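Asker: Structure file query_6.pdb (PDB, C-alpha atoms and all ligand atoms) is given on the next line.
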ATOM      1  CA  MET A   1      93.836  88.986 118.429  1.00  0.00           C
ATOM      2  CA  ASN A   2      92.543  85.973 120.294  1.00  0.00           C
ATOM      3  CA  GLY A   3      95.807  84.316 121.231  1.00  0.00           C
ATOM      4  CA  ARG A   4      95.773  82.043 118.203  1.00  0.00           C
ATOM      5  CA  PHE A   5      97.985  82.145 115.134  1.00  0.00           C
ATOM      6  CA  LEU A   6      95.621  82.218 112.189  1.00  0.00           C
ATOM      7  CA  GLY A   7      98.348  81.821 109.552  1.00  0.00           C
ATOM      8  CA  ALA A   8      99.794  78.716 111.179  1.00  0.00           C
ATOM      9  CA  ASP A   9      96.337  77.238 111.767  1.00  0.00           C
ATOM     10  CA  LEU A  10      95.326  77.851 108.138  1.00  0.00           C
ATOM     11  CA  SER A  11      98.565  76.389 106.831  1.00  0.00           C
ATOM     12  CA  ARG A  12      98.059  73.260 108.879  1.00  0.00           C
ATOM     13  CA  LEU A  13      94.412  72.807 107.905  1.00  0.00           C
ATOM     14  CA  LEU A  14      94.932  73.578 104.202  1.00  0.00           C
ATOM     15  CA  GLY A  15      98.223  71.771 103.841  1.00  0.00           C
ATOM     16  CA  VAL A  16      99.837  74.744 102.069  1.00  0.00           C
ATOM     17  CA  GLU A  17     101.800  77.714 103.350  1.00  0.00           C
ATOM     18  CA  ALA A  18      99.426  80.596 104.173  1.00  0.00           C
ATOM     19  CA  ARG A  19     100.665  84.169 104.350  1.00  0.00           C
ATOM     20  CA  LEU A  20      98.585  86.786 106.115  1.00  0.00           C
ATOM     21  CA  ALA A  21      98.623  90.558 106.088  1.00  0.00           C
ATOM     22  CA  ASN A  22      95.987  93.123 106.986  1.00  0.00           C
ATOM     23  CA  ASP A  23      94.025  95.058 104.369  1.00  0.00           C
ATOM     24  CA  ALA A  24      96.072  98.255 104.688  1.00  0.00           C
ATOM     25  CA  ASN A  25      99.366  96.426 104.188  1.00  0.00           C
ATOM     26  CA  CYS A  26      97.999  94.585 101.143  1.00  0.00           C
ATOM     27  CA  PHE A  27      96.679  97.877  99.754  1.00  0.00           C
ATOM     28  CA  ALA A  28     100.030  99.620 100.322  1.00  0.00           C
ATOM     29  CA  LEU A  29     101.975  96.759  98.735  1.00  0.00           C
ATOM     30  CA  ALA A  30      99.828  96.719  95.606  1.00  0.00           C
ATOM     31  CA  GLU A  31      99.760 100.494  95.123  1.00  0.00           C
ATOM     32  CA  ALA A  32     103.516 100.765  95.739  1.00  0.00           C
ATOM     33  CA  THR A  33     104.336  97.982  93.288  1.00  0.00           C
ATOM     34  CA  LEU A  34     101.689  98.119  90.541  1.00  0.00           C
ATOM     35  CA  GLY A  35      99.634 101.201  91.290  1.00  0.00           C
ATOM     36  CA  ALA A  36      99.770 104.938  91.877  1.00  0.00           C
ATOM     37  CA  ALA A  37     103.109 104.918  93.714  1.00  0.00           C
ATOM     38  CA  LYS A  38     104.907 102.544  91.374  1.00  0.00           C
ATOM     39  CA  GLY A  39     108.579 103.497  91.207  1.00  0.00           C
ATOM     40  CA  ARG A  40     108.672 105.327  94.559  1.00  0.00           C
ATOM     41  CA  ARG A  41     111.024 103.864  97.140  1.00  0.00           C
ATOM     42  CA  VAL A  42     109.269 104.625 100.424  1.00  0.00           C
ATOM     43  CA  VAL A  43     105.485 104.451 100.249  1.00  0.00           C
ATOM     44  CA  MET A  44     102.811 104.826 102.896  1.00  0.00           C
ATOM     45  CA  GLY A  45      99.384 103.460 102.036  1.00  0.00           C
ATOM     46  CA  LEU A  46      96.493 104.841 104.069  1.00  0.00           C
ATOM     47  CA  ILE A  47      93.033 103.430 104.459  1.00  0.00           C
ATOM     48  CA  MET A  48      90.616 106.148 105.560  1.00  0.00           C
ATOM     49  CA  GLY A  49      87.086 104.856 105.714  1.00  0.00           C
ATOM     50  CA  THR A  50      85.059 103.397 108.568  1.00  0.00           C
ATOM     51  CA  GLY A  51      88.412 103.150 110.354  1.00  0.00           C
ATOM     52  CA  VAL A  52      91.870 104.586 109.793  1.00  0.00           C
ATOM     53  CA  GLY A  53      94.802 102.291 109.049  1.00  0.00           C
ATOM     54  CA  GLY A  54      97.974 102.216 107.068  1.00  0.00           C
ATOM     55  CA  GLY A  55     100.852 100.191 105.749  1.00  0.00           C
ATOM     56  CA  ILE A  56     104.465 100.967 104.882  1.00  0.00           C
ATOM     57  CA  VAL A  57     106.309  99.595 101.875  1.00  0.00           C
ATOM     58  CA  VAL A  58     110.025 100.179 101.374  1.00  0.00           C
ATOM     59  CA  ASP A  59     111.763  98.862  98.248  1.00  0.00           C
ATOM     60  CA  GLY A  60     108.727  96.711  97.509  1.00  0.00           C
ATOM     61  CA  LYS A  61     108.608  95.088 100.956  1.00  0.00           C
ATOM     62  CA  VAL A  62     105.985  95.597 103.648  1.00  0.00           C
ATOM     63  CA  ILE A  63     107.474  96.828 106.919  1.00  0.00           C
ATOM     64  CA  ASN A  64     105.523  94.909 109.541  1.00  0.00           C
ATOM     65  CA  GLY A  65     107.721  95.986 112.442  1.00  0.00           C
ATOM     66  CA  CYS A  66     108.453  94.539 115.851  1.00  0.00           C
ATOM     67  CA  HIS A  67     104.798  94.250 116.928  1.00  0.00           C
ATOM     68  CA  GLY A  68     103.223  93.868 113.484  1.00  0.00           C
ATOM     69  CA  ILE A  69     101.774  97.381 113.796  1.00  0.00           C
ATOM     70  CA  GLY A  70     103.971  99.180 111.264  1.00  0.00           C
ATOM     71  CA  GLY A  71     101.958 101.984 109.668  1.00  0.00           C
ATOM     72  CA  GLU A  72      99.100 101.989 112.186  1.00  0.00           C
ATOM     73  CA  TRP A  73      98.869 105.770 112.395  1.00  0.00           C
ATOM     74  CA  GLY A  74      95.114 105.575 113.131  1.00  0.00           C
ATOM     75  CA  HIS A  75      95.900 105.051 116.796  1.00  0.00           C
ATOM     76  CA  ASN A  76      98.361 107.893 117.234  1.00  0.00           C
ATOM     77  CA  PRO A  77      96.877 110.529 119.531  1.00  0.00           C
ATOM     78  CA  ILE A  78      95.890 113.913 118.117  1.00  0.00           C
ATOM     79  CA  PRO A  79      96.703 116.685 120.605  1.00  0.00           C
ATOM     80  CA  GLY A  80      93.521 118.381 121.792  1.00  0.00           C
ATOM     81  CA  GLU A  81      91.295 115.376 121.076  1.00  0.00           C
ATOM     82  CA  SER A  82      90.012 113.189 123.895  1.00  0.00           C
ATOM     83  CA  ARG A  83      87.248 110.928 122.652  1.00  0.00           C
ATOM     84  CA  PRO A  84      87.585 107.282 123.736  1.00  0.00           C
ATOM     85  CA  CYS A  85      88.702 104.803 121.079  1.00  0.00           C
ATOM     86  CA  TYR A  86      87.856 101.108 120.907  1.00  0.00           C
ATOM     87  CA  CYS A  87      91.571 100.406 121.405  1.00  0.00           C
ATOM     88  CA  GLY A  88      91.292 101.626 125.003  1.00  0.00           C
ATOM     89  CA  ARG A  89      93.066 104.943 124.486  1.00  0.00           C
ATOM     90  CA  THR A  90      91.682 108.404 123.829  1.00  0.00           C
ATOM     91  CA  GLY A  91      92.016 110.996 121.067  1.00  0.00           C
ATOM     92  CA  CYS A  92      93.184 108.525 118.415  1.00  0.00           C
ATOM     93  CA  VAL A  93      93.311 109.739 114.799  1.00  0.00           C
ATOM     94  CA  GLU A  94      90.564 107.224 113.995  1.00  0.00           C
ATOM     95  CA  THR A  95      88.166 108.828 116.500  1.00  0.00           C
ATOM     96  CA  VAL A  96      88.506 112.117 114.613  1.00  0.00           C
ATOM     97  CA  ILE A  97      88.859 111.562 110.852  1.00  0.00           C
ATOM     98  CA  ALA A  98      87.268 108.165 110.142  1.00  0.00           C
ATOM     99  CA  GLY A  99      83.989 108.447 108.201  1.00  0.00           C
ATOM    100  CA  PRO A 100      81.727 107.727 111.208  1.00  0.00           C
ATOM    101  CA  SER A 101      83.727 110.219 113.310  1.00  0.00           C
ATOM    102  CA  LEU A 102      83.169 112.969 110.741  1.00  0.00           C
ATOM    103  CA  GLU A 103      79.470 112.102 110.515  1.00  0.00           C
ATOM    104  CA  ARG A 104      79.268 112.329 114.307  1.00  0.00           C
ATOM    105  CA  PHE A 105      81.048 115.723 114.261  1.00  0.00           C
ATOM    106  CA  TYR A 106      78.459 116.981 111.771  1.00  0.00           C
ATOM    107  CA  ARG A 107      75.545 115.506 113.741  1.00  0.00           C
ATOM    108  CA  GLU A 108      76.675 117.049 117.038  1.00  0.00           C
ATOM    109  CA  LYS A 109      77.084 120.508 115.477  1.00  0.00           C
ATOM    110  CA  SER A 110      74.017 120.509 113.253  1.00  0.00           C
ATOM    111  CA  GLY A 111      71.576 118.196 115.023  1.00  0.00           C
ATOM    112  CA  GLN A 112      71.161 116.372 111.714  1.00  0.00           C
ATOM    113  CA  GLN A 113      72.103 112.873 110.681  1.00  0.00           C
ATOM    114  CA  ALA A 114      73.866 112.734 107.328  1.00  0.00           C
ATOM    115  CA  ASP A 115      76.329 110.412 105.660  1.00  0.00           C
ATOM    116  CA  LEU A 116      79.674 111.691 104.426  1.00  0.00           C
ATOM    117  CA  ARG A 117      78.553 111.877 100.812  1.00  0.00           C
ATOM    118  CA  THR A 118      75.658 114.142 101.812  1.00  0.00           C
ATOM    119  CA  ILE A 119      77.927 116.273 103.996  1.00  0.00           C
ATOM    120  CA  VAL A 120      80.285 116.795 101.044  1.00  0.00           C
ATOM    121  CA  LYS A 121      77.334 117.755  98.838  1.00  0.00           C
ATOM    122  CA  ARG A 122      76.020 120.204 101.451  1.00  0.00           C
ATOM    123  CA  ALA A 123      79.499 121.723 101.855  1.00  0.00           C
ATOM    124  CA  ALA A 124      79.625 122.315  98.101  1.00  0.00           C
ATOM    125  CA  GLU A 125      76.301 124.141  98.464  1.00  0.00           C
ATOM    126  CA  GLY A 126      77.840 126.320 101.178  1.00  0.00           C
ATOM    127  CA  GLU A 127      76.110 124.839 104.240  1.00  0.00           C
ATOM    128  CA  SER A 128      78.199 126.128 107.148  1.00  0.00           C
ATOM    129  CA  VAL A 129      78.370 123.049 109.400  1.00  0.00           C
ATOM    130  CA  ALA A 130      79.192 120.838 106.431  1.00  0.00           C
ATOM    131  CA  VAL A 131      81.998 123.226 105.449  1.00  0.00           C
ATOM    132  CA  GLU A 132      83.218 123.229 109.054  1.00  0.00           C
ATOM    133  CA  THR A 133      83.214 119.407 109.111  1.00  0.00           C
ATOM    134  CA  LEU A 134      85.426 119.210 106.018  1.00  0.00           C
ATOM    135  CA  GLU A 135      87.740 121.909 107.360  1.00  0.00           C
ATOM    136  CA  HIS A 136      87.980 119.878 110.568  1.00  0.00           C
ATOM    137  CA  LEU A 137      88.968 116.860 108.451  1.00  0.00           C
ATOM    138  CA  ARG A 138      91.556 118.898 106.556  1.00  0.00           C
ATOM    139  CA  THR A 139      93.177 120.346 109.681  1.00  0.00           C
ATOM    140  CA  ARG A 140      93.206 117.143 111.680  1.00  0.00           C
ATOM    141  CA  PHE A 141      94.416 115.099 108.709  1.00  0.00           C
ATOM    142  CA  GLY A 142      97.244 117.599 108.245  1.00  0.00           C
ATOM    143  CA  GLN A 143      98.169 117.370 111.896  1.00  0.00           C
ATOM    144  CA  ALA A 144      98.010 113.575 111.980  1.00  0.00           C
ATOM    145  CA  ILE A 145      99.850 112.853 108.743  1.00  0.00           C
ATOM    146  CA  ALA A 146     102.574 115.448 109.443  1.00  0.00           C
ATOM    147  CA  ALA A 147     103.517 113.385 112.498  1.00  0.00           C
ATOM    148  CA  VAL A 148     103.900 110.350 110.234  1.00  0.00           C
ATOM    149  CA  ILE A 149     105.938 112.251 107.644  1.00  0.00           C
ATOM    150  CA  ASN A 150     108.237 113.628 110.338  1.00  0.00           C
ATOM    151  CA  ILE A 151     109.264 110.057 111.148  1.00  0.00           C
ATOM    152  CA  LEU A 152     108.959 108.024 107.964  1.00  0.00           C
ATOM    153  CA  ASP A 153     109.305 110.816 105.375  1.00  0.00           C
ATOM    154  CA  PRO A 154     107.794 108.729 102.557  1.00  0.00           C
ATOM    155  CA  ASP A 155     108.185 109.659  98.882  1.00  0.00           C
ATOM    156  CA  ALA A 156     104.484 109.069  98.300  1.00  0.00           C
ATOM    157  CA  ILE A 157     101.297 108.570 100.307  1.00  0.00           C
ATOM    158  CA  VAL A 158      98.423 106.734  98.611  1.00  0.00           C
ATOM    159  CA  ILE A 159      95.037 107.261 100.238  1.00  0.00           C
ATOM    160  CA  GLY A 160      92.307 104.651  99.928  1.00  0.00           C
ATOM    161  CA  GLY A 161      88.898 104.224 101.531  1.00  0.00           C
ATOM    162  CA  GLY A 162      85.703 106.278 101.434  1.00  0.00           C
ATOM    163  CA  VAL A 163      87.237 109.323 103.158  1.00  0.00           C
ATOM    164  CA  GLY A 164      90.429 108.947 101.116  1.00  0.00           C
ATOM    165  CA  ASN A 165      88.301 109.355  98.017  1.00  0.00           C
ATOM    166  CA  LEU A 166      87.462 112.984  98.865  1.00  0.00           C
ATOM    167  CA  ASP A 167      89.093 115.431  96.449  1.00  0.00           C
ATOM    168  CA  LEU A 168      89.835 117.918  99.215  1.00  0.00           C
ATOM    169  CA  LEU A 169      92.658 115.709 100.540  1.00  0.00           C
ATOM    170  CA  TYR A 170      94.632 116.298  97.323  1.00  0.00           C
ATOM    171  CA  THR A 171      94.374 120.083  97.180  1.00  0.00           C
ATOM    172  CA  ALA A 172      96.924 122.824  97.814  1.00  0.00           C
ATOM    173  CA  GLU A 173      94.943 123.849 100.926  1.00  0.00           C
ATOM    174  CA  THR A 174      95.376 120.407 102.461  1.00  0.00           C
ATOM    175  CA  ARG A 175      99.070 120.442 101.590  1.00  0.00           C
ATOM    176  CA  GLN A 176      99.266 123.741 103.520  1.00  0.00           C
ATOM    177  CA  ALA A 177      97.455 122.125 106.461  1.00  0.00           C
ATOM    178  CA  VAL A 178     100.119 119.393 106.487  1.00  0.00           C
ATOM    179  CA  GLY A 179     102.841 122.030 106.248  1.00  0.00           C
ATOM    180  CA  ARG A 180     101.628 123.811 109.365  1.00  0.00           C
ATOM    181  CA  PHE A 181     102.595 120.784 111.434  1.00  0.00           C
ATOM    182  CA  LEU A 182     105.617 119.525 109.485  1.00  0.00           C
ATOM    183  CA  PHE A 183     109.236 119.909 110.568  1.00  0.00           C
ATOM    184  CA  ASN A 184     110.263 120.819 107.017  1.00  0.00           C
ATOM    185  CA  PRO A 185     109.177 124.230 105.667  1.00  0.00           C
ATOM    186  CA  GLU A 186     108.105 122.663 102.360  1.00  0.00           C
ATOM    187  CA  VAL A 187     105.840 119.639 101.757  1.00  0.00           C
ATOM    188  CA  LYS A 188     107.302 117.614  98.898  1.00  0.00           C
ATOM    189  CA  THR A 189     105.510 114.329  99.650  1.00  0.00           C
ATOM    190  CA  GLU A 190     103.195 113.170  96.855  1.00  0.00           C
ATOM    191  CA  PHE A 191      99.585 112.529  97.903  1.00  0.00           C
ATOM    192  CA  LEU A 192      98.086 110.108  95.408  1.00  0.00           C
ATOM    193  CA  LYS A 193      94.696 108.581  94.747  1.00  0.00           C
ATOM    194  CA  PRO A 194      94.845 104.791  94.362  1.00  0.00           C
ATOM    195  CA  ALA A 195      95.221 103.489  90.815  1.00  0.00           C
ATOM    196  CA  LEU A 196      93.943  99.961  91.410  1.00  0.00           C
ATOM    197  CA  GLY A 197      90.505 100.842  92.747  1.00  0.00           C
ATOM    198  CA  ASP A 198      88.755  98.502  95.120  1.00  0.00           C
ATOM    199  CA  SER A 199      90.919  95.630  93.950  1.00  0.00           C
ATOM    200  CA  ALA A 200      94.161  96.973  95.447  1.00  0.00           C
ATOM    201  CA  GLY A 201      93.884  94.887  98.603  1.00  0.00           C
ATOM    202  CA  VAL A 202      93.248  91.710  96.601  1.00  0.00           C
ATOM    203  CA  PHE A 203      96.230  92.363  94.332  1.00  0.00           C
ATOM    204  CA  GLY A 204      98.372  92.944  97.423  1.00  0.00           C
ATOM    205  CA  ALA A 205      97.179  89.701  99.007  1.00  0.00           C
ATOM    206  CA  ALA A 206      98.032  87.813  95.811  1.00  0.00           C
ATOM    207  CA  MET A 207     101.485  89.414  95.831  1.00  0.00           C
ATOM    208  CA  LEU A 208     102.131  87.977  99.299  1.00  0.00           C
ATOM    209  CA  ALA A 209     102.005  84.562  97.703  1.00  0.00           C
ATOM    210  CA  VAL A 210     104.481  85.311  94.924  1.00  0.00           C
ATOM    211  CA  GLY A 211     106.827  87.609  96.902  1.00  0.00           C
TER     212      GLY A 211
HETATM  213 ZN    ZN B   1      92.727 103.925 119.147  1.00  0.00          ZN
END
For the file at hand, write its structure as structure tokens.

Answerer:
Amino acid sequence: MNGRFLGADLSRLLGVEARLANDANCFALAEATLGAAKGRRVVMGLIMGTGVGGGIVVDGKVINGCHGIGGEWGHNPIPGESRPCYCGRTGCVETVIAGPSLERFYREKSGQQADLRTIVKRAAEGESVAVETLEHLRTRFGQAIAAVINILDPDAIVIGGGVGNLDLLYTAETRQAVGRFLFNPEVKTEFLKPALGDSAGVFGAAMLAVG
């Protein structure tokens, strides 16, 4: 990020080999190996919270890729979206379905400030803008993740983070939303809640050291 190599610097200063990976890759590694997607060959781990990230694990190994951006679906563009992203591009997945983006969507439509938890509660009570906000999440998530499945075609997708915790992402309706944008007529991919809770990233980081 700043032209320095943190891993090499840490190794030198600590006198031991340091291995680094971002939170989404650590999360994906842990959930694919010990957690919800244990036993699946190709696993995508998503972090959907204040930002949107992801990591890919194949046969128990993280796929970092040529640039170290393997799995970073949060900065794919969503057609029809144009809001600027901190990365310098526009219409990124993160600008649409991250928690703050959904709260902004609700605020702009309703004139009211509410956090995601409150929006979910209001949607359950039938409040129209709250319902619209969650439908927006469902549709855009379907669109964004279908693009990922078209390329990687993972056996399982584990979804972490505050947005990933929402039950609506694991429903038949959301599966249909994915299907509307998928090359295959049927969606067979498993969408799984994490099994390791908030500790998944820490487990994954520890696994870097033993792997
Ligand atoms: Zn971006």

Asker: Interatomic distance between atom CA of A:Ile159 and atom CA of A:Ser82?

Answerer: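 Interatomic distance, atom CA of A:Ile159 to atom CA of A:Ser82: 24.9 Å.
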
Asker: Select the residues contacting ligand ZN 1 (chain B) at a distance of at most 12 Å, based on only C-alpha atoms and all ligand atoms, then format the selection as a ChimeraX atom specification.

Answerer: /A:51-53,72-78,81-98

Asker: With C-alpha atoms retained, write the just-selected residues as a compact mmCIF listing (two decimals), in the frame of the given file.

Answerer:
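This went into out_32.txt:
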# COMPACT_ATOMS: atom_id res chain seq x y z
CA GLY A 51 88.41 103.15 110.35
CA VAL A 52 91.87 104.59 109.79
CA GLY A 53 94.80 102.29 109.05
CA GLU A 72 99.10 101.99 112.19
CA TRP A 73 98.87 105.77 112.40
CA GLY A 74 95.11 105.58 113.13
CA HIS A 75 95.90 105.05 116.80
CA ASN A 76 98.36 107.89 117.23
CA PRO A 77 96.88 110.53 119.53
CA ILE A 78 95.89 113.91 118.12
CA GLU A 81 91.30 115.38 121.08
CA SER A 82 90.01 113.19 123.90
CA ARG A 83 87.25 110.93 122.65
CA PRO A 84 87.58 107.28 123.74
CA CYS A 85 88.70 104.80 121.08
CA TYR A 86 87.86 101.11 120.91
CA CYS A 87 91.57 100.41 121.40
CA GLY A 88 91.29 101.63 125.00
CA ARG A 89 93.07 104.94 124.49
CA THR A 90 91.68 108.40 123.83
CA GLY A 91 92.02 111.00 121.07
CA CYS A 92 93.18 108.52 118.42
CA VAL A 93 93.31 109.74 114.80
CA GLU A 94 90.56 107.22 114.00
CA THR A 95 88.17 108.83 116.50
CA VAL A 96 88.51 112.12 114.61
CA ILE A 97 88.86 111.56 110.85
CA ALA A 98 87.27 108.16 110.14

Asker: Would you list the contacts of stretch 119-135 of chain A as a list in words, taking every protein, DNA or RNA residue within 7 Å and counting only C-alpha atoms, but skipping same-chain residues closer than 5 positions in sequence?

Answerer: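 Here the answer would be Leu102, Phe105, Tyr106, Lys109, Ser110 and Ala114 of chain A.
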
Asker: Keeping C-alpha atoms for every residue in the selection just given, could you write it to a file as a tab-separated table (two decimals), in the coordinates of the input?

Answerer:
chain	number	residue	atom	x	y	z
A	102	LEU	CA	83.17	112.97	110.74
A	105	PHE	CA	81.05	115.72	114.26
A	106	TYR	CA	78.46	116.98	111.77
A	109	LYS	CA	77.08	120.51	115.48
A	110	SER	CA	74.02	120.51	113.25
A	114	ALA	CA	73.87	112.73	107.33

Asker: For the file shown, report as a PyMOL selection string the outcome of the PyMOL selection byres (((chain A and resi 152-156) around 9) and not hetatm) at residue level.

Answerer: chain A and resi 32+36-37+40-45+56+58+147-151+157-158+188-192

Asker: Please provide the set of residues having any atom within 9 Å of stretch 62-64 of chain A, restricted to all atoms listed in the file, with same-chain residues fewer than 6 positions apart removed, written as a list in words.

Answerer: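 Residues meeting the cut-off are Ala21, Asn25, Cys26, Ala28, Leu29, Gly55, Ile56, Gly70 and Gly71 of chain A.
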
Asker: Determine the nearest neighbour of A:Gly99 from the options A:Gly65, A:Gly162, A:Arg140, A:Gln113, counting only C-alpha atoms.

Answerer: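 Nearest candidate to A:Gly99 out of A:Gly65, A:Gly162, A:Arg140, A:Gln113: A:Gly162.
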
Asker: Running the PyMOL selection byres (((chain A and resi 195) around 7) and not hetatm) on this model by hand, what would come out? Give it as a ChimeraX atom specification.

Answerer: /A:31,35-36,193-194,196-197

Asker: What's around stretch 2-9 of chain A at 10 Å? Count only C-alpha atoms, leave out sequence neighbours fewer than 6 positions away in its own chain, and write the answer as a list in words.

Answerer: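 Near stretch 2-9 of chain A, the qualifying residues are Gly15, Val16, Glu17, Ala18, Arg19, Leu20 and Ala21 of chain A.
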
Asker: For this structure, which residues satisfy the selection - the PyMOL selection byres (((chain A and resi 204) around 7) and not hetatm) - when it is evaluated on the file as given? I want them as a list in words.

Answerer: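 Applied to this file, the PyMOL selection byres (((chain A and resi 204) around 7) and not hetatm) selects Cys26, Phe27, Leu29, Ala30, Ala200, Gly201, Val202, Phe203, Ala205, Ala206, Met207 and Leu208 of chain A.
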
Asker: Between atom CA of A:Asp59 and atom CA of A:Gly179, what is the distance, to one decimal in Å?

Answerer: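 Going from atom CA of A:Asp59 over to atom CA of A:Gly179, I get 26.1 Å.
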
Asker: Measure the distance from atom CA of A:Arg104 to atom CA of A:Ala177 in Å and round it to one decimal.

Answerer: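 We find that atom CA of A:Arg104 and atom CA of A:Ala177 lie 22.1 Å from each other.
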
Asker: From the options A:Ile69, A:Val210, A:Leu166, A:Leu137, which residue's atoms come nearest to A:Glu103, counting all atoms listed in the file?

Answerer: A:Leu137

Asker: Go through A:Leu46, A:Gly160, A:Phe183, A:Ala146 one by one, measure the shortest atom-to-atom distance of each to A:Asp198 using only C-alpha atoms, and give the residue with the smallest value.

Answerer: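 Of all the options, A:Gly160 lies closest to A:Asp198.
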
Asker: Taking all atoms listed in the file into account, name the residue in A:Asn184, A:Leu116, A:Ala209, A:Thr33 that is nearest to A:Asn165.

Answerer: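 Distance minimum relative to A:Asn165 lands on A:Leu116.
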